[in-house]
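Student: Just work25.cif, nothing more (mmCIF, C-alpha atoms):
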data_upload
loop_
_atom_site.group_PDB
_atom_site.id
_atom_site.type_symbol
_atom_site.label_atom_id
_atom_site.label_comp_id
_atom_site.auth_asym_id
_atom_site.auth_seq_id
_atom_site.Cartn_x
_atom_site.Cartn_y
_atom_site.Cartn_z
ATOM 1 C CA MET A 13 0.000 0.000 0.000
ATOM 2 C CA LEU A 14 1.382 3.388 -1.041
ATOM 3 C CA ALA A 15 0.238 6.975 -0.652
ATOM 4 C CA ALA A 16 1.785 10.047 -2.232
ATOM 5 C CA GLY A 17 1.260 13.674 -1.368
ATOM 6 C CA ALA A 18 2.890 16.730 -2.860
ATOM 7 C CA ARG A 19 5.463 16.853 -0.039
ATOM 8 C CA ASN A 20 5.712 13.261 1.235
ATOM 9 C CA ALA A 21 5.207 9.605 0.374
ATOM 10 C CA LEU A 22 4.210 6.688 2.600
ATOM 11 C CA ALA A 23 4.631 2.949 2.222
ATOM 12 C CA CYS A 24 2.841 0.353 4.311
ATOM 13 C CA LEU A 25 5.172 -2.632 4.635
ATOM 14 C CA SER A 26 4.051 -6.254 4.749
ATOM 15 C CA ASP A 27 4.904 -6.434 8.478
ATOM 16 C CA GLY A 28 2.467 -3.598 9.276
ATOM 17 C CA PHE A 29 5.074 -0.895 9.804
ATOM 18 C CA VAL A 30 5.152 2.308 7.762
ATOM 19 C CA ILE A 31 8.026 4.211 6.224
ATOM 20 C CA ALA A 32 7.780 7.807 5.078
ATOM 21 C CA VAL A 33 9.996 10.084 3.026
ATOM 22 C CA GLY A 34 9.705 13.719 2.112
ATOM 23 C CA ASP A 35 9.866 17.228 3.470
ATOM 24 C CA ASN A 36 8.534 16.495 6.994
ATOM 25 C CA HIS A 37 7.953 20.238 7.371
ATOM 26 C CA SER A 38 4.975 19.580 9.650
ATOM 27 C CA GLY A 39 5.833 16.133 11.030
ATOM 28 C CA GLU A 40 3.933 14.268 8.308
ATOM 29 C CA CYS A 41 6.775 11.721 8.111
ATOM 30 C CA ASP A 42 6.813 11.017 11.879
ATOM 31 C CA VAL A 43 5.441 7.478 11.593
ATOM 32 C CA ASP A 44 8.055 5.586 13.626
ATOM 33 C CA GLY A 45 5.549 4.328 16.206
ATOM 34 C CA TRP A 46 2.971 3.175 13.683
ATOM 35 C CA ASP A 47 2.451 -0.593 13.652
ATOM 36 C CA GLU A 48 -0.185 -3.071 12.459
ATOM 37 C CA ILE A 49 -1.035 -0.633 9.634
ATOM 38 C CA VAL A 50 -2.992 -1.986 6.655
ATOM 39 C CA ALA A 51 -3.554 1.244 4.671
ATOM 40 C CA VAL A 52 -2.075 4.740 4.466
ATOM 41 C CA ALA A 53 -3.193 8.134 3.147
ATOM 42 C CA ALA A 54 -1.361 11.415 2.519
ATOM 43 C CA GLY A 55 -3.033 14.825 2.547
ATOM 44 C CA ASP A 56 -1.747 18.253 1.550
ATOM 45 C CA VAL A 57 -2.759 21.821 2.232
ATOM 46 C CA HIS A 58 -0.876 23.241 -0.717
ATOM 47 C CA THR A 59 2.593 22.976 -2.146
ATOM 48 C CA ALA A 60 4.021 26.492 -1.960
ATOM 49 C CA ALA A 61 7.552 26.229 -0.601
ATOM 50 C CA ASN A 62 6.925 28.756 2.160
ATOM 51 C CA THR A 63 3.524 27.506 3.333
ATOM 52 C CA GLY A 64 3.185 23.851 2.372
ATOM 53 C CA ARG A 65 1.875 21.716 5.203
ATOM 54 C CA SER A 66 0.560 18.203 5.128
ATOM 55 C CA HIS A 67 -0.574 15.272 7.223
ATOM 56 C CA SER A 68 -0.521 11.483 7.036
ATOM 57 C CA ALA A 69 -3.049 8.912 8.199
ATOM 58 C CA GLY A 70 -2.764 5.196 8.807
ATOM 59 C CA LEU A 71 -5.412 2.532 9.296
ATOM 60 C CA ARG A 72 -4.653 -0.244 11.761
ATOM 61 C CA GLY A 73 -5.889 -3.781 11.239
ATOM 62 C CA ASP A 74 -8.129 -3.462 14.303
ATOM 63 C CA GLY A 75 -10.014 -0.496 12.769
ATOM 64 C CA ALA A 76 -8.228 2.261 14.720
ATOM 65 C CA VAL A 77 -6.666 5.219 12.898
ATOM 66 C CA VAL A 78 -3.440 7.139 13.546
ATOM 67 C CA ALA A 79 -2.335 10.455 12.090
ATOM 68 C CA ALA A 80 0.724 12.710 12.058
ATOM 69 C CA GLY A 81 1.625 16.101 10.684
ATOM 70 C CA TRP A 82 -0.054 19.468 10.437
ATOM 71 C CA ASN A 83 -3.235 19.580 12.536
ATOM 72 C CA GLY A 84 -4.328 23.182 12.027
ATOM 73 C CA ALA A 85 -7.920 22.175 11.232
ATOM 74 C CA GLY A 86 -8.109 19.195 13.607
ATOM 75 C CA GLN A 87 -7.633 16.650 10.812
ATOM 76 C CA CYS A 88 -5.228 14.533 12.897
ATOM 77 C CA GLU A 89 -7.525 14.092 15.912
ATOM 78 C CA VAL A 90 -8.520 10.535 14.954
ATOM 79 C CA SER A 91 -7.631 8.763 18.205
ATOM 80 C CA THR A 92 -11.267 7.941 19.028
ATOM 81 C CA TRP A 93 -12.141 6.454 15.634
ATOM 82 C CA ARG A 94 -12.988 2.727 15.762
ATOM 83 C CA ALA A 95 -14.377 0.136 13.315
ATOM 84 C CA ILE A 96 -12.839 1.999 10.352
ATOM 85 C CA VAL A 97 -12.236 -0.045 7.191
ATOM 86 C CA ALA A 98 -10.874 2.660 4.861
ATOM 87 C CA VAL A 99 -9.177 6.020 5.352
ATOM 88 C CA ALA A 100 -8.506 8.997 3.077
ATOM 89 C CA ALA A 101 -6.682 12.282 3.599
ATOM 90 C CA GLY A 102 -7.563 15.499 1.818
ATOM 91 C CA SER A 103 -6.246 19.005 1.859
ATOM 92 C CA ARG A 104 -7.190 19.843 5.447
ATOM 93 C CA HIS A 105 -9.411 16.922 6.365
ATOM 94 C CA THR A 106 -9.399 13.186 7.037
ATOM 95 C CA LEU A 107 -12.201 10.764 6.175
ATOM 96 C CA GLY A 108 -12.928 7.331 7.552
ATOM 97 C CA LEU A 109 -15.359 4.694 6.346
ATOM 98 C CA ARG A 110 -16.819 2.479 9.072
ATOM 99 C CA ALA A 111 -17.583 -1.197 8.664
ATOM 100 C CA ASP A 112 -21.315 -0.422 8.839
ATOM 101 C CA GLY A 113 -21.052 1.879 5.783
ATOM 102 C CA SER A 114 -21.238 5.175 7.674
ATOM 103 C CA ALA A 115 -18.536 7.799 7.287
ATOM 104 C CA VAL A 116 -16.699 10.080 9.712
ATOM 105 C CA ALA A 117 -14.688 13.193 8.952
ATOM 106 C CA LEU A 118 -12.435 15.650 10.768
ATOM 107 C CA GLY A 119 -10.827 18.891 9.729
ATOM 108 C CA ASP A 120 -11.742 21.922 7.677
ATOM 109 C CA THR A 121 -15.341 22.627 6.682
ATOM 110 C CA THR A 122 -14.752 25.551 4.316
ATOM 111 C CA PHE A 123 -16.048 23.644 1.286
ATOM 112 C CA GLY A 124 -18.350 21.193 3.067
ATOM 113 C CA GLN A 125 -15.758 18.418 2.954
ATOM 114 C CA ARG A 126 -16.899 17.120 6.356
ATOM 115 C CA ASP A 127 -20.590 16.919 5.455
ATOM 116 C CA VAL A 128 -20.719 13.110 5.554
ATOM 117 C CA GLY A 129 -23.328 12.707 8.289
ATOM 118 C CA GLU A 130 -25.917 11.277 5.922
ATOM 119 C CA TRP A 131 -23.542 9.019 4.012
ATOM 120 C CA ASN A 132 -24.175 5.300 4.069
ATOM 121 C CA VAL A 133 -21.974 3.441 1.625
ATOM 122 C CA ALA A 134 -23.062 -0.003 0.466
ATOM 123 C CA ALA A 135 -22.172 -2.428 -2.288
ATOM 124 C CA GLY A 136 -23.982 -5.464 -3.534
ATOM 125 C CA SER A 137 -23.085 -8.438 -5.650
ATOM 126 C CA GLY A 138 -23.354 -8.514 -9.430
#
Show this structure as structure tokens.
Tutor:
Amino acid sequence: MLAAGARNALACLSDGFVIAVGDNHSGECDVDGWDEIVAVAAGDVHTAANTGRSHSAGLRGDGAVVAAGWNGAGQCEVSTWRAIVAVAAGSRHTLGLRADGSAVALGDTTFGQRDVGEWNVAAGSG
């Protein structure tokens, strides 16, 4: 599993640990304590050399989520998330999909990117 942002890249290794490379301007590469990770996501604010900030998110096999990096909009405050099966990182927000199909979001609301309260994702066969 790989994730690439404008300022960093993450790789989820087969043993559940994560490695990160890049600028680390905001701590987005500080993933040393991450373990049992099954998916990763990289988010960016923007790429200007003087203002670029980003964050990283990781999904643990037990459904918990970890995050590192710039947290100016609260997008890294995922410590209470449980039963998550997929994670995504946007510009200033983080999204999680729960096993029951509902979604959770943290971070900026400027463009409505956290308006997932009514989401219920489902897929059928065929």
Student: Please evaluate the PyMOL selection byres ((chain A and resi 117) around 6) against the structure above and give the resulting residues as a PyMOL selection string.
Tutor: chain A and resi 106-107+116+118+126
Student: Of the candidates A:Ala85, A:Ala69, A:Ala115, A:Ala32, which shows the shortest atom-to-atom distance to Ala51 of chain A, using all atoms listed in the file?
Tutor: A:Ala69
Student: Could you pull the residues within 9 Å of segment 23-25 of chain A, counting all atoms listed in the file, minus those fewer than 6 positions along the same chain, as a list of chain:residue names?
Tutor: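 Residues meeting the cut-off are A:Met13, A:Leu14, A:Ala15, A:Ala16, A:Ile31, A:Ala32, A:Val33, A:Ile49, A:Val50, A:Ala51, A:Val52, A:Gly70.
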Student: Selected residues, C-alpha atoms, written as a PDB file, in the frame of the given file, please.
Tutor:
ATOM      1  CA  MET A  13       0.000   0.000   0.000  1.00  0.00           C
ATOM      2  CA  LEU A  14       1.382   3.388  -1.041  1.00  0.00           C
ATOM      3  CA  ALA A  15       0.238   6.975  -0.652  1.00  0.00           C
ATOM      4  CA  ALA A  16       1.785  10.047  -2.232  1.00  0.00           C
ATOM      5  CA  ILE A  31       8.026   4.211   6.224  1.00  0.00           C
ATOM      6  CA  ALA A  32       7.780   7.807   5.078  1.00  0.00           C
ATOM      7  CA  VAL A  33       9.996  10.084   3.026  1.00  0.00           C
ATOM      8  CA  ILE A  49      -1.035  -0.633   9.634  1.00  0.00           C
ATOM      9  CA  VAL A  50      -2.992  -1.986   6.655  1.00  0.00           C
ATOM     10  CA  ALA A  51      -3.554   1.244   4.671  1.00  0.00           C
ATOM     11  CA  VAL A  52      -2.075   4.740   4.466  1.00  0.00           C
ATOM     12  CA  GLY A  70      -2.764   5.196   8.807  1.00  0.00           C
TER      13      GLY A  70
END
Student: How would you write as a ChimeraX atom specification the residues that get within 9 Å of (-8.4, 13.3, 12.0) in the file's frame, counting only C-alpha atoms?
Tutor: /A:69,77-79,83,85-91,93,101,105-108,117-119
Student: Could you write out the selected residues, including C-alpha atoms, as a tab-separated table (two decimals), in the frame of the given file?
Tutor:
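Result written to result_24.tsv:
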chain	number	residue	atom	x	y	z
A	69	ALA	CA	-3.05	8.91	8.20
A	77	VAL	CA	-6.67	5.22	12.90
A	78	VAL	CA	-3.44	7.14	13.55
A	79	ALA	CA	-2.34	10.46	12.09
A	83	ASN	CA	-3.24	19.58	12.54
A	85	ALA	CA	-7.92	22.18	11.23
A	86	GLY	CA	-8.11	19.20	13.61
A	87	GLN	CA	-7.63	16.65	10.81
A	88	CYS	CA	-5.23	14.53	12.90
A	89	GLU	CA	-7.52	14.09	15.91
A	90	VAL	CA	-8.52	10.54	14.95
A	91	SER	CA	-7.63	8.76	18.20
A	93	TRP	CA	-12.14	6.45	15.63
A	101	ALA	CA	-6.68	12.28	3.60
A	105	HIS	CA	-9.41	16.92	6.36
A	106	THR	CA	-9.40	13.19	7.04
A	107	LEU	CA	-12.20	10.76	6.18
A	108	GLY	CA	-12.93	7.33	7.55
A	117	ALA	CA	-14.69	13.19	8.95
A	118	LEU	CA	-12.44	15.65	10.77
A	119	GLY	CA	-10.83	18.89	9.73
Student: Carefully work through the PyMOL selection byres ((chain A and resi 82) around 10) for this structure and note down the residues it includes, as a list of chain:residue names.
Tutor: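 Output from the PyMOL selection byres ((chain A and resi 82) around 10), applied to this file: A:Asn36, A:His37, A:Ser38, A:Gly39, A:Glu40, A:Gly55, A:Asp56, A:Val57, A:Gly64, A:Arg65, A:Ser66, A:His67, A:Ser68, A:Ala79, A:Ala80, A:Gly81, A:Asn83, A:Gly84, A:Ala85, A:Gly86, A:Gln87, A:Cys88, A:Arg104.
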Student: The centre and edge lengths of an axis-aligned box containing all atoms of segment 89-93 of chain A present in the file, extended by 5 Å on each side, are to be given in Å to one decimal, as JSON.
Tutor:
{"center_x": -9.8, "center_y": 10.3, "center_z": 17.0, "size_x": 14.6, "size_y": 17.6, "size_z": 14.1}
Student: Between atom CA of Asp127 of chain A and atom CA of Ala100 of chain A, what is the distance in Å, rounded to a tenth?
Tutor: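 Those two atoms sit 14.6 Å apart.
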Student: Could you expand the PyMOL selection byres ((chain A and resi 131) around 9) into the explicit residues it covers here, written as a PDB file with C-alpha atoms, in the coordinates of the input?
Tutor:
ATOM      1  CA  GLY A 113     -21.052   1.879   5.783  1.00  0.00           C
ATOM      2  CA  SER A 114     -21.238   5.175   7.674  1.00  0.00           C
ATOM      3  CA  ALA A 115     -18.536   7.799   7.287  1.00  0.00           C
ATOM      4  CA  VAL A 116     -16.699  10.080   9.712  1.00  0.00           C
ATOM      5  CA  ASP A 127     -20.590  16.919   5.455  1.00  0.00           C
ATOM      6  CA  VAL A 128     -20.719  13.110   5.554  1.00  0.00           C
ATOM      7  CA  GLY A 129     -23.328  12.707   8.289  1.00  0.00           C
ATOM      8  CA  GLU A 130     -25.917  11.277   5.922  1.00  0.00           C
ATOM      9  CA  ASN A 132     -24.175   5.300   4.069  1.00  0.00           C
ATOM     10  CA  VAL A 133     -21.974   3.441   1.625  1.00  0.00           C
TER      11      VAL A 133
END
Student: What is the atom CA of Gln125 of chain A to atom CA of Gly102 of chain A distance in Å?
Tutor: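 Atom CA of Gly102 of chain A lies at a distance of 8.8 Å from atom CA of Gln125 of chain A.
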Student: Please, what distance in Å, to one decimal, runs between atom CA of Asp35 of chain A and atom CA of Gly75 of chain A?
Tutor: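 Computed distance, atom CA of Asp35 of chain A to atom CA of Gly75 of chain A, equals 28.2 Å.
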Student: Using all atoms listed in the file, which of A:Trp46, A:Cys41, A:Phe123, A:Ala98 sits nearest Phe29 of chain A?
Tutor: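 Of all the options, A:Trp46 lies closest to Phe29 of chain A.
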